[in-house]
$ cat model_31.txt   # compact mmCIF, C-alpha atoms
# COMPACT_ATOMS: atom_id res chain seq x y z
CA MET S 95 -4.91 -15.25 -0.93
CA THR S 96 -5.45 -14.46 2.73
CA GLU S 97 -6.97 -11.23 3.90
CA SER S 98 -4.78 -8.21 4.37
CA ALA S 99 -1.93 -8.76 6.78
CA SER S 100 -0.81 -5.17 6.40
CA ALA S 101 -2.36 -2.07 4.91
CA THR S 102 -1.61 1.62 4.47
CA ASP S 103 -4.34 4.23 4.24
CA PHE S 104 -4.45 6.51 1.21
CA THR S 105 -7.23 8.64 -0.29
CA GLN S 106 -7.10 7.68 -3.99
CA ILE S 107 -5.39 4.28 -3.97
CA ARG S 108 -5.36 1.23 -1.71
CA LEU S 109 -2.31 -0.74 -0.63
CA ARG S 110 -2.76 -4.27 0.68
CA ILE S 111 0.06 -6.63 1.64
CA ALA S 112 -0.53 -10.31 2.18
CA ASP S 113 1.23 -13.59 1.38
CA GLN S 114 4.37 -11.75 0.17
CA ILE S 115 2.39 -9.85 -2.49
CA ALA S 116 1.49 -6.17 -2.40
CA THR S 117 -1.66 -5.10 -4.22
CA ILE S 118 -1.88 -1.46 -5.30
CA THR S 119 -5.43 -0.57 -6.39
CA LEU S 120 -6.34 2.70 -8.06
CA ASP S 121 -9.40 3.73 -6.07
CA ARG S 122 -11.55 6.42 -7.64
CA PRO S 123 -14.20 4.13 -9.14
CA ASP S 124 -16.76 6.91 -9.53
CA ARG S 125 -14.30 8.60 -11.94
CA LEU S 126 -13.05 5.38 -13.59
CA ASN S 127 -9.93 5.89 -11.46
CA ALA S 128 -8.99 9.03 -13.38
CA PHE S 129 -5.44 10.12 -12.64
CA THR S 130 -4.70 13.12 -10.43
CA ARG S 131 -1.55 14.56 -8.96
CA THR S 132 -2.69 13.29 -5.56
CA MET S 133 -2.93 9.79 -7.02
CA ALA S 134 0.55 10.22 -8.45
CA THR S 135 1.94 11.18 -5.05
CA GLU S 136 0.24 8.21 -3.40
CA LEU S 137 1.47 5.76 -6.04
CA ILE S 138 5.03 6.94 -5.51
CA ALA S 139 4.61 6.53 -1.74
CA ALA S 140 3.16 3.04 -2.23
CA PHE S 141 6.15 1.91 -4.29
CA ASP S 142 8.45 3.43 -1.69
CA ALA S 143 6.67 1.25 0.88
CA THR S 144 6.82 -1.95 -1.16
CA ASP S 145 10.50 -1.49 -1.92
CA THR S 146 11.43 -1.20 1.76
CA ASP S 147 9.14 -3.96 3.05
CA ASP S 148 11.11 -7.22 3.20
CA SER S 149 7.87 -9.22 3.27
CA VAL S 150 6.93 -8.03 -0.24
CA ARG S 151 8.23 -10.15 -3.10
CA ALA S 152 6.05 -8.84 -5.94
CA VAL S 153 3.55 -6.06 -6.64
CA VAL S 154 0.19 -6.40 -8.41
CA MET S 155 -1.35 -3.16 -9.67
CA THR S 156 -5.02 -2.95 -10.71
CA GLY S 157 -8.08 -0.69 -10.60
CA SER S 158 -11.28 -0.66 -8.58
CA GLY S 159 -14.71 -0.83 -10.17
CA ARG S 160 -15.14 -1.26 -13.91
CA GLY S 161 -12.03 0.58 -15.10
CA PHE S 162 -8.29 0.56 -14.63
CA CYS S 163 -7.65 4.26 -15.29
CA ALA S 164 -9.53 6.55 -17.68
CA GLY S 165 -6.53 8.85 -18.04
CA ALA S 166 -6.04 12.28 -16.53
CA ASP S 167 -8.95 13.73 -14.61
CA LEU S 168 -10.34 16.48 -16.85
CA GLU S 169 -12.31 18.36 -14.20
CA GLY S 170 -10.12 21.40 -14.83
CA GLY S 171 -11.83 21.82 -18.20
CA ALA S 172 -10.05 23.42 -21.14
CA ALA S 173 -7.16 24.49 -18.88
CA THR S 174 -6.66 21.01 -17.40
CA PHE S 175 -3.11 20.72 -18.70
CA ASP S 176 -2.15 24.36 -18.21
CA HIS S 177 0.16 24.25 -15.20
CA ARG S 178 -0.23 28.00 -14.77
CA ALA S 179 -3.92 27.59 -14.03
CA ALA S 180 -6.07 24.51 -13.50
CA TRP S 181 -3.55 22.09 -12.00
CA LYS S 182 -2.66 24.60 -9.32
CA VAL S 183 -6.30 25.25 -8.51
CA VAL S 184 -7.57 21.67 -8.61
CA ASP S 185 -4.55 19.97 -7.08
CA ARG S 186 -1.58 21.79 -5.61
CA THR S 187 0.81 18.83 -5.56
CA ASP S 188 4.20 19.99 -6.83
CA PHE S 189 6.77 17.63 -8.36
CA GLY S 190 9.32 20.34 -8.93
CA THR S 191 10.81 21.29 -12.28
CA ILE S 192 13.08 19.80 -14.91
CA ASP S 193 14.97 22.09 -17.28
CA GLY S 194 12.89 24.96 -15.96
CA VAL S 195 9.40 23.51 -16.58
CA PRO S 196 7.07 21.61 -14.22
CA ARG S 197 7.73 17.89 -14.12
CA ASP S 198 5.06 15.62 -15.56
CA GLY S 199 3.31 13.77 -12.72
CA GLY S 200 2.74 10.68 -14.86
CA GLY S 201 6.44 10.62 -15.64
CA CYS S 202 7.28 10.78 -11.95
CA VAL S 203 5.10 7.70 -11.39
CA ALA S 204 6.55 5.84 -14.39
CA LEU S 205 10.10 6.52 -13.26
CA ARG S 206 9.25 5.33 -9.75
CA ILE S 207 7.84 2.08 -11.13
CA ALA S 208 10.93 1.73 -13.32
CA ALA S 209 13.12 2.11 -10.24
CA SER S 210 11.20 -0.51 -8.24
CA VAL S 211 13.33 -3.34 -6.90
CA LYS S 212 10.29 -5.62 -6.75
CA PRO S 213 8.73 -7.00 -9.96
CA VAL S 214 5.45 -5.35 -10.98
CA VAL S 215 2.45 -7.14 -12.53
CA VAL S 216 -0.35 -4.97 -13.92
CA ALA S 217 -3.88 -6.39 -14.16
CA PHE S 218 -5.98 -4.26 -16.54
CA ASN S 219 -9.54 -4.75 -15.33
CA GLY S 220 -11.11 -2.26 -17.75
CA PRO S 221 -10.32 0.88 -19.78
CA ALA S 222 -6.72 2.09 -19.57
CA VAL S 223 -6.44 5.31 -21.56
CA GLY S 224 -3.76 7.99 -21.73
CA VAL S 225 -1.70 7.89 -18.55
CA GLY S 226 -3.69 4.79 -17.61
CA SER S 227 -1.64 3.02 -20.27
CA THR S 228 1.61 4.98 -20.30
CA MET S 229 2.40 4.83 -16.59
CA THR S 230 2.28 1.01 -16.70
CA LEU S 231 4.89 0.62 -19.44
CA PRO S 232 7.78 0.19 -16.94
CA ALA S 233 5.92 -2.74 -15.32
CA ASP S 234 7.35 -6.19 -15.95
CA VAL S 235 4.17 -8.10 -16.81
CA ARG S 236 0.89 -6.70 -18.13
CA ILE S 237 -2.23 -8.89 -18.21
CA ALA S 238 -5.57 -7.72 -19.61
CA ALA S 239 -9.14 -8.74 -19.00
CA GLU S 240 -11.08 -9.38 -22.20
CA SER S 241 -13.11 -6.22 -21.57
CA ALA S 242 -10.04 -3.98 -21.20
CA ARG S 243 -9.51 -1.20 -23.71
CA PHE S 244 -6.45 0.93 -24.35
CA GLY S 245 -5.67 4.24 -25.99
CA PHE S 246 -2.69 6.55 -26.46
CA VAL S 247 -5.11 9.38 -27.19
CA PHE S 248 -2.80 12.37 -26.73
CA ALA S 249 -2.82 13.62 -30.33
CA ARG S 250 -6.63 13.82 -30.11
CA ARG S 251 -6.24 16.13 -27.10
CA GLY S 252 -3.52 18.36 -28.55
CA LEU S 253 -0.80 16.77 -26.41
CA VAL S 254 2.07 14.30 -26.70
CA PRO S 255 2.60 10.96 -24.95
CA GLU S 256 3.88 11.56 -21.42
CA ALA S 257 5.12 9.40 -18.52
CA ALA S 258 8.41 8.88 -20.37
CA SER S 259 6.45 6.70 -22.81
CA SER S 260 8.36 7.99 -25.83
CA TRP S 261 11.23 5.94 -24.36
CA PHE S 262 9.24 2.97 -23.04
CA LEU S 263 6.55 2.34 -25.66
CA PRO S 264 8.78 1.75 -28.73
CA ARG S 265 10.94 -0.58 -26.66
CA VAL S 266 7.93 -2.55 -25.45
CA VAL S 267 5.99 -2.85 -28.74
CA GLY S 268 8.35 -1.63 -31.48
CA ILE S 269 8.45 1.76 -33.18
CA SER S 270 5.94 0.98 -35.97
CA GLN S 271 3.24 -0.27 -33.63
CA ALA S 272 3.93 2.55 -31.17
CA MET S 273 3.57 5.21 -33.86
CA GLU S 274 0.36 3.68 -35.25
CA TRP S 275 -1.29 3.86 -31.83
CA VAL S 276 0.13 7.31 -31.00
CA ALA S 277 -0.50 8.95 -34.39
CA THR S 278 -4.10 7.73 -34.66
CA GLY S 279 -4.88 8.19 -30.97
CA ARG S 280 -7.58 5.56 -31.32
CA VAL S 281 -8.92 3.34 -28.56
CA PHE S 282 -8.43 -0.41 -29.15
CA GLY S 283 -9.37 -3.64 -27.46
CA SER S 284 -7.49 -6.30 -25.57
CA ALA S 285 -7.04 -8.57 -28.60
CA GLU S 286 -5.15 -5.83 -30.45
CA ALA S 287 -3.14 -5.05 -27.32
CA LEU S 288 -2.08 -8.70 -27.19
CA ALA S 289 -1.22 -8.85 -30.90
CA GLY S 290 0.82 -5.66 -30.51
CA LYS S 291 2.62 -7.03 -27.43
CA LEU S 292 1.39 -4.31 -25.09
CA VAL S 293 0.12 -7.12 -22.84
CA SER S 294 1.47 -10.65 -22.48
CA ARG S 295 -1.91 -12.36 -22.19
CA VAL S 296 -5.65 -11.77 -22.22
CA VAL S 297 -7.93 -13.70 -19.87
CA PRO S 298 -11.66 -13.76 -19.10
CA ASP S 299 -12.63 -10.92 -16.79
CA ASP S 300 -13.40 -13.26 -13.90
CA ASP S 301 -9.93 -14.83 -14.15
CA LEU S 302 -7.92 -11.61 -14.24
CA LEU S 303 -6.82 -11.23 -10.62
CA SER S 304 -6.29 -14.93 -10.04
CA THR S 305 -4.02 -15.00 -13.11
CA ALA S 306 -2.06 -11.94 -11.96
CA TYR S 307 -1.68 -13.37 -8.46
CA ALA S 308 -0.55 -16.71 -9.86
CA VAL S 309 2.33 -14.96 -11.66
CA ALA S 310 3.22 -12.97 -8.54
CA GLN S 311 3.04 -16.06 -6.33
CA GLU S 312 5.30 -18.03 -8.65
CA ILE S 313 7.90 -15.30 -8.23
CA ALA S 314 7.39 -15.07 -4.46
CA ARG S 315 7.58 -18.80 -3.76
CA ASN S 316 10.38 -19.91 -6.05
CA THR S 317 12.95 -17.18 -6.58
CA SER S 318 15.59 -15.14 -4.78
CA VAL S 319 14.46 -11.57 -4.12
CA VAL S 320 18.01 -10.39 -4.75
CA SER S 321 18.27 -12.28 -8.04
CA VAL S 322 14.97 -10.87 -9.29
CA ALA S 323 15.87 -7.30 -8.31
CA TYR S 324 19.28 -7.59 -9.98
CA SER S 325 17.77 -9.18 -13.09
CA ARG S 326 15.05 -6.53 -13.35
CA ARG S 327 17.55 -3.70 -13.20
CA LEU S 328 19.87 -5.41 -15.70
CA MET S 329 17.12 -6.10 -18.22
CA TRP S 330 15.67 -2.60 -18.23
CA SER S 331 18.96 -0.71 -18.10
CA MET S 332 20.42 -2.74 -20.96
CA LEU S 333 17.67 -1.62 -23.34
CA GLY S 334 19.71 1.53 -23.86
CA ALA S 335 23.15 -0.08 -23.88
CA ALA S 336 25.43 0.48 -26.86
CA SER S 337 26.57 -3.12 -27.21
CA PRO S 338 26.40 -6.58 -25.60
CA TRP S 339 29.76 -5.82 -24.02
CA ASP S 340 27.97 -3.48 -21.61
CA ALA S 341 25.72 -6.36 -20.58
CA HIS S 342 28.70 -8.70 -20.31
CA ARG S 343 30.43 -6.27 -17.97
CA LEU S 344 27.43 -6.04 -15.64
CA ASP S 345 26.60 -9.76 -15.92
CA SER S 346 30.11 -10.64 -14.87
CA GLU S 347 29.97 -8.33 -11.86
CA ALA S 348 26.56 -9.70 -10.83
CA ILE S 349 27.66 -13.34 -11.08
CA PHE S 350 30.81 -12.50 -9.10
CA ARG S 351 28.88 -10.75 -6.30
CA LEU S 352 25.85 -13.01 -6.08
CA GLY S 353 27.94 -16.14 -6.50
CA GLN S 354 29.55 -15.46 -3.12
CA GLY S 355 26.23 -14.95 -1.40
CA PRO S 356 23.92 -17.24 0.57
CA ASP S 357 21.19 -17.36 -2.07
CA ALA S 358 23.44 -18.88 -4.71
CA ALA S 359 24.59 -21.51 -2.20
CA GLU S 360 21.00 -22.26 -1.22
CA GLY S 361 19.88 -22.40 -4.84
CA VAL S 362 22.43 -25.05 -5.72
CA THR S 363 22.05 -27.00 -2.48
CA SER S 364 18.25 -27.13 -2.68
CA PHE S 365 18.47 -28.37 -6.27
CA LEU S 366 20.89 -31.13 -5.34
CA GLU S 367 18.77 -32.10 -2.35
CA LYS S 368 15.59 -32.01 -4.46
CA ARG S 369 13.71 -29.64 -2.13
CA PRO S 370 12.21 -26.14 -2.41
CA ALA S 371 14.74 -23.38 -1.88
CA LYS S 372 14.58 -21.09 1.14
CA PHE S 373 16.55 -18.04 0.10
CA PRO S 374 17.88 -16.12 3.14
CA ALA S 375 19.37 -12.96 1.57
CA ARG S 376 17.75 -9.54 2.00
CA LEU S 377 17.74 -6.75 -0.55
CA ALA S 378 19.16 -4.37 2.03
CA ASP S 379 22.36 -6.41 1.98
CA TYR S 380 22.82 -5.63 -1.73
CA ALA S 381 21.32 -2.15 -2.06
CA ASP S 382 24.68 -0.50 -2.61
CA VAL S 383 25.71 -2.80 -5.47
CA LEU S 384 22.51 -3.03 -7.54
CA PRO S 385 23.20 -1.66 -11.02
CA SER S 386 21.65 1.74 -11.67
CA TRP S 387 19.94 3.11 -14.73
CA PRO S 388 22.51 4.85 -16.95
CA GLY S 389 22.28 8.57 -16.30
CA ARG S 390 19.32 8.15 -13.95
CA PRO S 391 18.94 10.97 -11.42
CA GLU S 392 19.23 9.75 -7.84
CA ASP S 393 15.80 11.18 -7.07
CA VAL S 394 13.48 9.45 -9.54
CA ARG S 395 10.55 11.38 -8.13
$ encode --input "model_31.txt" --output "structure tokens"
Amino acid sequence: MTESASATDFTQIRLRIADQIATITLDRPDRLNAFTRTMATELIAAFDATDTDDSVRAVVMTGSGRGFCAGADLEGGAATFDHRAAWKVVDRTDFGTIDGVPRDGGGCVALRIAASVKPVVVAFNGPAVGVGSTMTLPADVRIAAESARFGFVFARRGLVPEAASSWFLPRVVGISQAMEWVATGRVFGSAEALAGKLVSRVVPDDDLLSTAYAVAQEIARNTSVVSVAYSRRLMWSMLGAASPWDAHRLDSEAIFRLGQGPDAAEGVTSFLEKRPAKFPARLADYADVLPSWPGRPEDVR
């Protein structure tokens, strides 16, 4: 991968764009990349940037140093999760309210990742605990280093799983596995994460980023950005559909719309001519017809 062709400055994350792949790196290594409301705001801004950048075909998300994300930063002490006190003192970022209570910052990040039009690959380079695990559940591919560890530790802190994970986690790993991890709140290793389908593969630590980039590059080099965005939205939104007829309705519309477009023509022509495809369509040309999440607020932030 070439050095950064484009970069945006943040304080708690890094965004690097090169070779059609955006890399979002959580960047508080002295705190094991512990999650703050500032980090949440910057992650949302980073995904806003990758969505609108036509040069980006896929996003890789990882952590700096020896951890992915150790969960919420607990520097507020016993009142860390009391929105009336510590959060307002330590970090004044405001995500507004929902049903009269402050919105969960991790949930705002998770919903923004869910709404991404670019596929997201997470590379767990170390511990991913609490929100370090839950905010990644809307990603499309999760790959773990052998040294990675995970934990849905909320019940051991007097809390509940956040970041909309009560919706995502059972759909990703099944309700029985989800409840075992949530009810015990224990920390577990990468082998158990793989067996429980939280991650799709485990690789040696030194191979983690090259593996994640290989997946992202396969997407970037071989597929239509419009097809992938459409497929991503269809797959996730259909998890809550009442029947396959809902999928059939949206599938039919997608085939009808994309079948008239330049990417479908190029896909067939390149196959017949036995050459790599060069898909010309831009997401902006289809933004108004991408299927939306059922009942999703327009402002996912």
$ residues_around --input "model_31.txt" --residues "region 116-126 of chain S" --least-positions-apart "4" --cutoff "6 Å" --atoms "only C-alpha atoms" --output "JSON, numbers by chain"
{"S": [106, 107, 108, 109, 110, 111, 153, 154, 155, 156, 157, 158, 159, 161, 163, 164]}
$ atom_distance --input "model_31.txt" --atom1 "CA of Asn316 (chain S)" --atom2 "CA of Asp148 (chain S)"
15.7 Å
$ closest_residue --input "model_31.txt" --among "S:Phe248, S:Phe282, S:Tyr307, S:Phe141" --to "Cys202 (chain S)" --atoms "all atoms listed in the file"
S:Phe141
$ atom_distance --input "model_31.txt" --atom1 "CA of Gly165 (chain S)" --atom2 "CA of Phe129 (chain S)"
5.7 Å
$ atom_distance --input "model_31.txt" --atom1 "CA of Ala249 (chain S)" --atom2 "CA of Thr228 (chain S)"
14.0 Å
$ residues_around --input "model_31.txt" --residues "Asn219 (chain S)" --least-positions-apart "4" --cutoff "8 Å" --atoms "all atoms listed in the file" --output "VMD selection string"
chain S and resid 156 to 157 160 to 162 238 to 239 241 to 242 299 302
$ write_last_selection --input "model_31.txt" --atoms "C-alpha atoms" --output "mmCIF file, in the coordinates of the input"
data_model
loop_
_atom_site.group_PDB
_atom_site.id
_atom_site.type_symbol
_atom_site.label_atom_id
_atom_site.label_comp_id
_atom_site.auth_asym_id
_atom_site.auth_seq_id
_atom_site.Cartn_x
_atom_site.Cartn_y
_atom_site.Cartn_z
ATOM 1 C CA THR S 156 -5.020 -2.950 -10.710
ATOM 2 C CA GLY S 157 -8.080 -0.690 -10.600
ATOM 3 C CA ARG S 160 -15.140 -1.260 -13.910
ATOM 4 C CA GLY S 161 -12.030 0.580 -15.100
ATOM 5 C CA PHE S 162 -8.290 0.560 -14.630
ATOM 6 C CA ALA S 238 -5.570 -7.720 -19.610
ATOM 7 C CA ALA S 239 -9.140 -8.740 -19.000
ATOM 8 C CA SER S 241 -13.110 -6.220 -21.570
ATOM 9 C CA ALA S 242 -10.040 -3.980 -21.200
ATOM 10 C CA ASP S 299 -12.630 -10.920 -16.790
ATOM 11 C CA LEU S 302 -7.920 -11.610 -14.240
#
$ closest_residue --input "model_31.txt" --among "S:Gly200, S:Arg315, S:Phe262, S:Lys291" --to "Arg236 (chain S)" --atoms "only C-alpha atoms"
S:Lys291
$ closest_residue --input "model_31.txt" --among "S:Met329, S:Val296, S:Val247, S:Leu263" --to "Gly279 (chain S)" --atoms "all atoms listed in the file"
S:Val247
